[in-house]
>>> print(open('structure_6.cif').read())   # mmCIF, C-alpha atoms and all ligand atoms
data_start
#
loop_
_atom_site.label_atom_id
_atom_site.label_comp_id
_atom_site.auth_asym_id
_atom_site.auth_seq_id
_atom_site.Cartn_x
_atom_site.Cartn_y
_atom_site.Cartn_z
CA MET A 1 248.98 58.49 304.67
CA SER A 2 248.00 62.01 303.55
CA ILE A 3 244.34 63.00 303.63
CA VAL A 4 242.86 65.89 301.64
CA ASN A 5 239.23 66.74 302.37
CA VAL A 6 236.86 67.87 299.64
CA SER A 7 233.82 69.83 300.71
CA THR A 8 231.01 70.56 298.23
CA GLU A 9 227.24 70.95 298.28
CA GLY A 10 227.11 67.58 296.54
CA GLY A 11 229.04 65.91 299.36
CA ASN A 12 232.12 65.95 301.55
CA TYR A 13 234.70 63.22 301.18
CA PRO A 14 238.31 62.34 301.89
CA ILE A 15 241.09 61.75 299.37
CA HIS A 16 243.49 59.20 300.87
CA ILE A 17 247.01 59.19 299.36
CA ALA A 18 249.63 56.55 300.23
CA PRO A 19 251.79 53.83 298.74
CA ASN A 20 250.12 50.37 298.94
CA LEU A 21 246.72 51.91 299.58
CA LEU A 22 244.99 49.34 297.34
CA LYS A 23 245.28 47.00 300.31
CA GLN A 24 243.10 49.32 302.40
CA VAL A 25 240.27 50.21 299.98
CA GLY A 26 237.95 47.99 302.08
CA THR A 27 238.12 50.50 304.93
CA SER A 28 236.36 53.13 302.75
CA ILE A 29 233.21 50.96 302.46
CA PRO A 30 230.35 52.35 304.60
CA PRO A 31 228.92 49.92 307.18
CA ASP A 32 225.38 49.99 305.72
CA THR A 33 226.56 48.79 302.28
CA THR A 34 224.63 45.79 300.97
CA SER A 35 227.03 44.76 298.22
CA ILE A 36 230.04 46.06 296.31
CA VAL A 37 230.77 45.98 292.60
CA LEU A 38 234.35 46.54 291.54
CA ILE A 39 234.35 47.86 287.95
CA SER A 40 237.57 47.96 285.94
CA ASN A 41 239.03 47.03 282.56
CA PRO A 42 241.10 43.93 281.70
CA THR A 43 244.41 45.86 281.73
CA VAL A 44 243.99 47.32 285.21
CA PHE A 45 242.05 44.39 286.65
CA GLY A 46 244.84 42.05 285.49
CA LEU A 47 247.41 44.13 287.39
CA TYR A 48 245.52 45.14 290.52
CA GLY A 49 242.07 43.50 290.60
CA ASN A 50 242.93 40.67 292.99
CA THR A 51 244.62 43.02 295.49
CA VAL A 52 241.53 45.24 295.60
CA VAL A 53 239.12 42.28 295.84
CA LYS A 54 241.14 40.94 298.79
CA SER A 55 241.05 44.32 300.48
CA LEU A 56 237.28 44.64 299.90
CA GLU A 57 236.75 41.20 301.43
CA ALA A 58 237.83 42.71 304.75
CA SER A 59 234.56 44.71 304.71
CA GLY A 60 232.60 41.44 305.03
CA LYS A 61 230.21 42.48 302.22
CA GLN A 62 229.21 40.57 299.11
CA ILE A 63 231.69 41.44 296.33
CA HIS A 64 231.10 41.35 292.57
CA THR A 65 233.45 42.29 289.75
CA PHE A 66 232.61 43.57 286.29
CA GLU A 67 235.00 44.44 283.46
CA VAL A 68 234.39 46.77 280.53
CA PRO A 69 236.75 46.99 277.52
CA ASP A 70 239.80 49.25 277.83
CA GLY A 71 239.92 52.56 275.98
CA GLU A 72 238.33 55.96 275.36
CA SER A 73 236.40 54.47 272.43
CA TYR A 74 234.40 52.43 274.97
CA LYS A 75 233.43 55.47 277.09
CA THR A 76 230.00 55.32 275.50
CA LEU A 77 226.30 55.03 276.23
CA GLU A 78 226.54 51.40 274.99
CA THR A 79 229.14 50.45 277.62
CA LEU A 80 227.22 52.41 280.24
CA ASN A 81 224.11 50.44 279.34
CA SER A 82 226.05 47.20 279.79
CA ILE A 83 226.88 48.37 283.33
CA TYR A 84 223.19 49.16 284.08
CA THR A 85 222.15 45.77 282.70
CA TRP A 86 224.73 43.99 284.82
CA LEU A 87 223.67 45.91 287.96
CA LEU A 88 220.00 45.10 287.33
CA GLU A 89 220.63 41.43 286.51
CA HIS A 90 222.57 41.09 289.76
CA ARG A 91 219.79 42.95 291.62
CA LEU A 92 222.05 45.57 293.16
CA ASP A 93 219.98 47.83 295.38
CA ARG A 94 220.30 51.47 296.42
CA ARG A 95 222.75 50.67 299.20
CA ALA A 96 225.21 49.01 296.82
CA VAL A 97 228.58 50.71 296.28
CA ILE A 98 230.49 50.92 293.00
CA VAL A 99 234.28 50.90 293.25
CA ALA A 100 235.86 52.36 290.08
CA LEU A 101 239.38 50.95 289.56
CA GLY A 102 241.22 52.51 286.61
CA GLY A 103 242.08 55.72 284.80
CA GLY A 104 239.81 58.61 283.91
CA VAL A 105 237.77 56.58 281.44
CA ILE A 106 236.69 54.07 284.11
CA GLY A 107 236.26 56.78 286.76
CA ASP A 108 234.12 59.07 284.58
CA MET A 109 231.90 56.25 283.32
CA CYS A 110 231.44 54.51 286.69
CA GLY A 111 230.70 57.90 288.26
CA PHE A 112 227.92 58.52 285.77
CA ALA A 113 226.59 54.97 286.25
CA ALA A 114 226.53 55.63 290.02
CA ALA A 115 224.86 59.03 289.51
CA THR A 116 222.01 57.53 287.50
CA TYR A 117 221.47 53.91 288.61
CA MET A 118 218.29 53.95 290.72
CA ARG A 119 218.65 57.77 290.80
CA GLY A 120 222.03 57.56 292.50
CA ILE A 121 224.12 55.06 294.47
CA ARG A 122 227.44 55.64 296.24
CA PHE A 123 230.79 55.20 294.52
CA ILE A 124 234.47 55.22 295.37
CA GLN A 125 237.20 56.33 293.00
CA VAL A 126 240.40 54.27 292.95
CA PRO A 127 242.35 56.13 290.23
CA THR A 128 245.31 54.29 288.71
CA THR A 129 246.73 56.81 286.20
CA LEU A 130 248.54 59.97 287.29
CA LEU A 131 246.01 62.06 285.36
CA ALA A 132 243.13 60.42 287.20
CA GLN A 133 244.89 60.78 290.58
CA VAL A 134 245.51 64.51 290.22
CA ASP A 135 242.45 65.50 288.22
CA SER A 136 239.60 63.33 287.00
CA SER A 137 238.86 61.37 290.21
CA VAL A 138 238.41 64.58 292.24
CA GLY A 139 235.56 67.04 291.89
CA GLY A 140 232.65 64.98 290.62
CA LYS A 141 232.65 65.53 286.86
CA THR A 142 231.27 62.28 285.44
CA ALA A 143 230.41 61.57 281.82
CA VAL A 144 230.40 59.39 278.73
CA ASN A 145 231.08 60.53 275.17
CA HIS A 146 228.46 61.05 272.45
CA PRO A 147 229.36 60.53 268.76
CA MET A 148 228.94 64.33 268.43
CA GLY A 149 231.27 65.30 271.29
CA LYS A 150 233.47 64.24 274.17
CA ASN A 151 231.94 64.09 277.69
CA MET A 152 228.66 65.50 276.36
CA ILE A 153 226.41 63.25 278.48
CA GLY A 154 227.14 63.43 282.19
CA ALA A 155 226.48 64.81 285.64
CA PHE A 156 228.20 66.46 288.56
CA TYR A 157 228.20 63.64 291.12
CA GLN A 158 230.72 63.34 293.95
CA PRO A 159 232.27 60.06 295.11
CA ILE A 160 232.21 59.12 298.82
CA ALA A 161 236.00 58.62 298.85
CA VAL A 162 239.03 58.75 296.57
CA ASP A 163 241.72 56.17 297.37
CA ILE A 164 245.06 56.93 295.67
CA ASP A 165 247.80 54.29 295.73
CA THR A 166 250.99 55.94 294.47
CA ASN A 167 252.68 52.57 293.83
CA VAL A 168 250.38 51.71 290.90
CA LEU A 169 252.08 54.42 288.82
CA ALA A 170 255.08 52.06 288.41
CA THR A 171 253.25 50.11 285.69
CA LEU A 172 252.11 53.18 283.72
CA PRO A 173 253.70 53.82 280.31
CA GLU A 174 256.07 56.85 280.28
CA ARG A 175 253.78 58.87 278.00
CA GLU A 176 250.96 58.53 280.54
CA ILE A 177 253.25 59.88 283.28
CA ALA A 178 254.13 62.90 281.13
CA ALA A 179 250.43 63.45 280.40
CA GLY A 180 249.59 63.44 284.14
CA LEU A 181 252.45 65.80 284.94
CA ALA A 182 250.97 68.36 282.52
CA GLU A 183 247.92 68.59 284.81
CA VAL A 184 250.20 68.83 287.86
CA ILE A 185 252.07 71.87 286.54
CA LYS A 186 248.75 73.40 285.49
CA TYR A 187 247.82 73.72 289.19
CA GLY A 188 251.00 75.68 289.87
CA LEU A 189 250.32 77.97 286.94
CA ILE A 190 246.75 78.80 287.94
CA LEU A 191 247.03 78.95 291.73
CA ASP A 192 250.44 78.44 293.29
CA ALA A 193 253.65 80.02 291.95
CA ASP A 194 255.74 78.29 294.65
CA PHE A 195 254.40 74.90 293.58
CA PHE A 196 255.27 75.70 289.95
CA ALA A 197 258.85 76.55 291.02
CA TRP A 198 258.97 73.34 293.10
CA CYS A 199 257.95 71.36 289.97
CA GLU A 200 260.77 73.05 288.02
CA GLU A 201 263.28 72.01 290.69
CA ASN A 202 261.97 68.47 291.03
CA VAL A 203 261.10 67.56 287.45
CA ALA A 204 263.68 64.76 287.18
CA LYS A 205 262.40 63.19 290.42
CA LEU A 206 258.82 63.50 289.22
CA ARG A 207 259.57 61.77 285.91
CA ALA A 208 261.42 59.02 287.78
CA LEU A 209 258.41 58.60 290.13
CA ASP A 210 260.50 59.28 293.22
CA GLY A 211 258.13 58.30 296.07
CA GLU A 212 258.38 61.45 298.13
CA ALA A 213 258.24 63.84 295.16
CA ILE A 214 255.34 62.19 293.37
CA SER A 215 253.32 61.86 296.60
CA TYR A 216 253.79 65.56 297.33
CA ALA A 217 252.86 66.51 293.74
CA ILE A 218 249.65 64.44 293.96
CA GLN A 219 248.77 65.82 297.39
CA ARG A 220 249.33 69.46 296.38
CA SER A 221 247.39 68.99 293.13
CA CYS A 222 244.47 67.44 295.04
CA GLU A 223 244.54 70.25 297.63
CA LEU A 224 244.39 72.89 294.91
CA LYS A 225 241.64 71.09 293.00
CA ALA A 226 239.71 70.54 296.27
CA TYR A 227 239.94 74.28 296.97
CA VAL A 228 238.55 75.18 293.54
CA VAL A 229 235.66 72.68 293.51
CA SER A 230 234.67 73.54 297.06
CA GLN A 231 234.23 77.18 295.90
CA ASP A 232 232.49 76.34 292.62
CA GLU A 233 231.31 72.75 292.29
CA LYS A 234 229.32 73.23 289.08
CA GLU A 235 231.67 75.53 287.15
CA THR A 236 229.68 78.73 287.28
CA GLY A 237 232.86 80.77 287.75
CA LEU A 238 236.19 79.94 289.41
CA ARG A 239 236.28 76.26 288.33
CA ALA A 240 236.83 77.38 284.74
CA ILE A 241 240.48 78.13 285.61
CA LEU A 242 241.08 74.36 285.81
CA ASN A 243 240.75 74.48 282.04
CA LEU A 244 243.97 76.44 281.46
CA GLY A 245 245.35 75.22 278.11
CA HIS A 246 242.35 72.96 277.54
CA THR A 247 240.67 74.99 274.77
CA PHE A 248 243.83 74.58 272.69
CA ALA A 249 244.18 70.95 273.83
CA HIS A 250 240.66 69.96 272.77
CA ALA A 251 241.29 71.43 269.31
CA ILE A 252 244.54 69.43 269.03
CA GLU A 253 242.83 66.20 270.11
CA ALA A 254 239.87 66.65 267.77
CA GLY A 255 241.98 68.04 264.88
CA LEU A 256 244.51 65.20 264.91
CA GLY A 257 241.90 62.56 265.74
CA PHE A 258 241.26 61.51 269.37
CA GLY A 259 244.02 59.26 270.69
CA THR A 260 246.80 60.55 268.41
CA TRP A 261 248.08 62.70 271.27
CA LEU A 262 247.10 61.77 274.82
CA HIS A 263 244.78 64.32 276.45
CA GLY A 264 247.52 65.35 278.91
CA GLU A 265 250.07 65.74 276.12
CA ALA A 266 247.70 68.11 274.35
CA VAL A 267 247.18 69.95 277.66
CA GLY A 268 250.96 70.34 278.03
CA CYS A 269 251.20 71.95 274.61
CA GLY A 270 248.05 73.97 275.38
CA LEU A 271 249.73 75.40 278.50
CA VAL A 272 252.49 76.82 276.29
CA GLN A 273 249.86 78.27 273.93
CA ALA A 274 247.93 79.73 276.90
CA ALA A 275 251.15 81.31 278.19
CA GLU A 276 251.82 82.88 274.77
CA LEU A 277 248.24 84.17 274.63
CA SER A 278 248.51 85.52 278.19
CA ALA A 279 251.63 87.45 277.18
CA ARG A 280 249.63 89.14 274.39
CA VAL A 281 246.41 89.89 276.28
CA CYS A 282 247.20 90.32 279.98
CA GLY A 283 250.87 91.10 280.46
CA PHE A 284 252.24 87.63 281.30
CA PRO A 285 256.03 88.16 281.30
CA ALA A 286 257.96 86.85 278.26
CA ALA A 287 260.51 85.19 280.57
CA ASP A 288 257.71 83.20 282.20
CA VAL A 289 256.45 82.01 278.79
CA GLU A 290 259.90 80.46 278.39
CA ARG A 291 259.71 78.89 281.88
CA VAL A 292 256.40 77.27 280.90
CA ARG A 293 257.82 76.04 277.57
CA ALA A 294 260.93 74.63 279.30
CA LEU A 295 258.96 72.81 282.01
CA VAL A 296 256.45 71.32 279.55
CA ALA A 297 259.39 70.04 277.46
CA ALA A 298 261.13 68.75 280.59
CA ILE A 299 258.13 66.63 281.66
CA GLY A 300 258.16 65.03 278.20
CA CYS A 301 255.18 66.71 276.51
CA PRO A 302 255.18 68.35 273.07
CA VAL A 303 255.69 72.13 272.97
CA THR A 304 255.01 72.75 269.28
CA ALA A 305 251.35 72.55 268.31
CA PRO A 306 250.22 70.78 265.13
CA ASP A 307 249.51 72.98 262.13
CA LEU A 308 245.80 72.37 261.57
CA GLY A 309 245.37 75.62 259.58
CA SER A 310 244.01 78.67 261.39
CA ASN A 311 240.42 78.29 260.14
CA LYS A 312 240.27 74.71 261.40
CA TRP A 313 241.87 75.72 264.72
CA VAL A 314 239.26 78.42 265.32
CA GLU A 315 236.38 76.21 264.19
CA LEU A 316 237.48 73.44 266.59
CA MET A 317 237.91 75.83 269.50
CA GLN A 318 234.39 77.20 268.95
CA ILE A 319 232.93 73.71 269.67
CA ASP A 320 234.52 73.81 273.15
CA LYS A 321 232.02 73.44 276.02
CA LYS A 322 233.22 76.76 277.43
CA ALA A 323 232.29 78.73 274.30
CA GLU A 324 229.31 81.02 274.90
CA GLY A 325 227.16 82.06 271.92
CA GLY A 326 230.03 81.12 269.55
CA LYS A 327 232.49 83.35 271.49
CA ILE A 328 235.52 81.42 272.66
CA LYS A 329 236.64 82.04 276.22
CA PHE A 330 240.25 81.37 277.19
CA VAL A 331 241.83 80.91 280.58
CA VAL A 332 244.77 83.31 280.76
CA MET A 333 247.36 84.26 283.41
CA PRO A 334 248.50 87.78 284.33
CA GLN A 335 251.34 86.02 286.20
CA ILE A 336 252.30 82.53 287.36
CA GLY A 337 249.88 81.51 290.12
CA GLN A 338 246.93 83.64 288.93
CA ALA A 339 244.33 82.90 286.25
CA HIS A 340 240.94 84.03 284.97
CA SER A 341 238.88 83.43 281.83
CA GLN A 342 238.08 86.05 279.18
CA THR A 343 237.46 86.52 275.48
CA VAL A 344 240.47 87.65 273.44
CA PRO A 345 240.95 89.75 270.28
CA HIS A 346 240.92 87.53 267.18
CA GLU A 347 244.21 88.99 265.87
CA ASP A 348 246.01 87.99 269.08
CA LEU A 349 244.68 84.46 268.82
CA LEU A 350 245.82 84.18 265.19
CA LEU A 351 249.30 85.45 266.09
CA VAL A 352 249.58 82.92 268.91
CA LEU A 353 248.45 80.07 266.65
CA LYS A 354 251.02 81.14 264.08
CA LYS A 355 253.81 81.29 266.64
CA THR A 356 252.99 78.07 268.53
CA THR A 357 252.48 75.90 265.45
CA GLY A 358 255.97 76.86 264.30
CA ILE A 359 254.88 78.48 261.00
CA GLU A 360 255.95 82.06 261.66
P1 LIG B 401 242.59 56.02 280.58
O1 LIG B 401 241.59 55.85 281.62
O2 LIG B 401 242.23 55.62 279.20
O3 LIG B 401 243.92 55.24 281.00
C1 LIG B 401 245.03 55.23 280.12
C2 LIG B 401 245.53 53.80 279.87
O4 LIG B 401 246.29 53.37 281.01
C3 LIG B 401 244.42 52.77 279.71
O5 LIG B 401 244.81 51.83 278.73
C4 LIG B 401 244.36 52.10 281.08
O6 LIG B 401 243.85 50.80 281.05
C5 LIG B 401 245.82 52.12 281.46
N1 LIG B 401 246.12 52.08 282.88
C6 LIG B 401 245.45 52.68 283.87
N2 LIG B 401 246.11 52.55 285.02
C7 LIG B 401 247.21 51.85 284.76
C8 LIG B 401 248.31 51.40 285.56
N3 LIG B 401 248.43 51.72 286.84
N4 LIG B 401 249.29 50.68 284.94
C9 LIG B 401 249.22 50.41 283.61
N5 LIG B 401 248.23 50.81 282.82
C10 LIG B 401 247.24 51.52 283.40
O7 LIG B 401 243.12 57.53 280.49
P2 LIG B 401 243.30 58.68 281.58
O8 LIG B 401 244.31 59.59 281.02
O9 LIG B 401 243.45 58.16 282.95
O10 LIG B 401 241.87 59.42 281.55
C11 LIG B 401 241.40 60.06 280.40
C12 LIG B 401 239.92 60.28 280.58
O11 LIG B 401 239.71 61.11 281.71
C13 LIG B 401 239.25 60.97 279.40
O12 LIG B 401 238.07 60.26 279.08
C14 LIG B 401 238.92 62.36 279.93
O13 LIG B 401 237.76 62.89 279.34
C15 LIG B 401 238.73 62.10 281.38
N6 LIG B 401 238.96 63.25 282.25
C16 LIG B 401 238.02 63.58 283.14
C17 LIG B 401 238.20 64.64 284.01
C18 LIG B 401 237.17 64.93 285.06
O14 LIG B 401 237.27 65.96 285.72
N7 LIG B 401 236.23 64.05 285.28
C19 LIG B 401 239.39 65.40 283.95
C20 LIG B 401 240.36 65.04 283.02
C21 LIG B 401 240.14 63.96 282.17
N1 LIG B 402 239.16 68.77 284.78
C1 LIG B 402 238.55 70.03 285.00
C2 LIG B 402 237.55 70.02 286.12
O1 LIG B 402 237.43 69.07 286.86
O2 LIG B 402 236.83 70.96 286.27
#
>>> encode(input="structure_6.cif", output="structure tokens")
Amino acid sequence: MSIVNVSTEGGNYPIHIAPNLLKQVGTSIPPDTTSIVLISNPTVFGLYGNTVVKSLEASGKQIHTFEVPDGESYKTLETLNSIYTWLLEHRLDRRAVIVALGGGVIGDMCGFAAATYMRGIRFIQVPTTLLAQVDSSVGGKTAVNHPMGKNMIGAFYQPIAVDIDTNVLATLPEREIAAGLAEVIKYGLILDADFFAWCEENVAKLRALDGEAISYAIQRSCELKAYVVSQDEKETGLRAILNLGHTFAHAIEAGLGFGTWLHGEAVGCGLVQAAELSARVCGFPAADVERVRALVAAIGCPVTAPDLGSNKWVELMQIDKKAEGGKIKFVVMPQIGQAHSQTVPHEDLLLVLKKTTGIE
């Protein structure tokens, strides 16, 4: 098993990474726990619920299960309220532990339920998508959506452990693997040029979920994310670099309608757009733009952005949470392995939009 430690003001915790780890989730339960609630959705519970319940039984605690409907459209205050109601009806106290079994939707929503139920109870992330294993389960961003915006209601609240079973990726649809790999290569681009080159060399193994390759990619991604959130838990500075490509991605998701492209697919395309923008504003080499485009294509994500019209593109990017006083900030790279955020000249942005939407 690999262990990556996360250390923040909001808490220190281990990320355990291993095949078959679902069978050991019970060992992450603290001794003073009164009861455990395993929260999942029917898709994931149907595949892995019984294995996790069995493993939790080893802790000797009372175990409950609760399912919420599957999908981003249920990451709402209504579903959250159904969790609170269930917790209250079953009289869970402040020493109860929530175990979140699923992708980023389950993890984000259970995290926010844990952050707010009785002013905060402990929770464990058991992420089952690649995107959740390398990104959303680590670092304590929890949230639900509001009709006026994605992830607009939430809190920074750290789990007490993240248990990653690499075997569960075998049942993920191929598009979800590609979407998770976009976040993996993002870490190389912002912080680790050697890791980016390793991803280039191992892309076929990664897509095929080769055990050794995918475990290393998850471990390295978690190490890099742990480094960033331990420096800047609440995104007052450095953490913003984790959003490389995301300003473009959010505009794609909102412009096409959420769910048309997966979030990670939009991030993949956004990485290409961020590379093009970096070439215009901070000297990112043209040859490296092509390396980014080739790797994003090789993981199976789109590399041509949808033509939303430049006015719509800019309008959508201004709604981004990172915009300050209407000014859009972009994460850009002077070279592979280095990133910072800055405002950019409007003409450069328009040229990049023109080039990356294929309407030159
Ligand atoms: P998701 O949670 O919707 O999961 C995708 C689909 O895969 C779902 O239908 C799910 O039931 C299914 N699934 C999950 N595990 C499976 C498995 N092992 N086998 C088969 N099917 C499986 O999507 P996601 O991409 O994991 O997460 C997206 C969410 O994460 C968004 O709401 C986004 O806002 C959030 N997010 C949060 C952060 C953060 O830092 N907190 C970062 C990135 C994304
Ligand atoms: N997914 C970006 C972050 O956790 O900050």
>>> residues_near_ligand(input="structure_6.cif", ligand="ligand LIG 401 (chain B)", cutoff="7 Å", atoms="only C-alpha atoms and all ligand atoms", output="ChimeraX atom specification")
/A:41,43-44,70-72,75,102-106,108,128-132,135-142,150-151,168-173,176,263-264
>>> closest_residue(input="structure_6.cif", among="A:Leu242, A:Ile328, A:Leu224, A:Ala339", to="ligand LIG 402 (chain B)", atoms="all atoms listed in the file")
A:Leu242
>>> atom_distance(input="structure_6.cif", atom1="CA of Lys225 (chain A)", atom2="atom C2 of ligand LIG 402 (chain B)")
8.1 Å
>>> atom_distance(input="structure_6.cif", atom1="CA of Asn20 (chain A)", atom2="CA of Val134 (chain A)")
17.2 Å
>>> atom_distance(input="structure_6.cif", atom1="CA of Gly259 (chain A)", atom2="CA of Ala305 (chain A)")
15.4 Å
>>> residues_around(input="structure_6.cif", residues="Pro345 (chain A)", least_positions_apart="6", cutoff="12 Å", atoms="all atoms listed in the file", output="PDB file with C-alpha atoms, keeping the file's coordinate frame")
ATOM      1  CA  LEU A 277     248.240  84.170 274.630  1.00  0.00           C
ATOM      2  CA  SER A 278     248.510  85.520 278.190  1.00  0.00           C
ATOM      3  CA  ARG A 280     249.630  89.140 274.390  1.00  0.00           C
ATOM      4  CA  VAL A 281     246.410  89.890 276.280  1.00  0.00           C
ATOM      5  CA  CYS A 282     247.200  90.320 279.980  1.00  0.00           C
ATOM      6  CA  LYS A 327     232.490  83.350 271.490  1.00  0.00           C
ATOM      7  CA  ILE A 328     235.520  81.420 272.660  1.00  0.00           C
ATOM      8  CA  LYS A 329     236.640  82.040 276.220  1.00  0.00           C
ATOM      9  CA  PHE A 330     240.250  81.370 277.190  1.00  0.00           C
ATOM     10  CA  LEU A 351     249.300  85.450 266.090  1.00  0.00           C
ATOM     11  CA  VAL A 352     249.580  82.920 268.910  1.00  0.00           C
TER      12      VAL A 352
END
>>> residues_around(input="structure_6.cif", residues="Val184 (chain A)", least_positions_apart="4", cutoff="8 Å", atoms="all atoms listed in the file", output="list of chain:residue names")
A:Val134, A:Gly180, A:Gly188, A:Ala217, A:Ile218, A:Ser221
>>> closest_residue(input="structure_6.cif", among="A:Lys354, A:Arg239, A:Lys312, A:Arg220", to="Ser341 (chain A)", atoms="all atoms listed in the file")
A:Arg239
>>> axis_aligned_box(input="structure_6.cif", around="region 82-85 of chain A", padding_each_side="8 Å", output="AutoDock Vina command-line options")
--center_x 224.5 --center_y 47.5 --center_z 281.9 --size_x 20.7 --size_y 19.4 --size_z 20.3
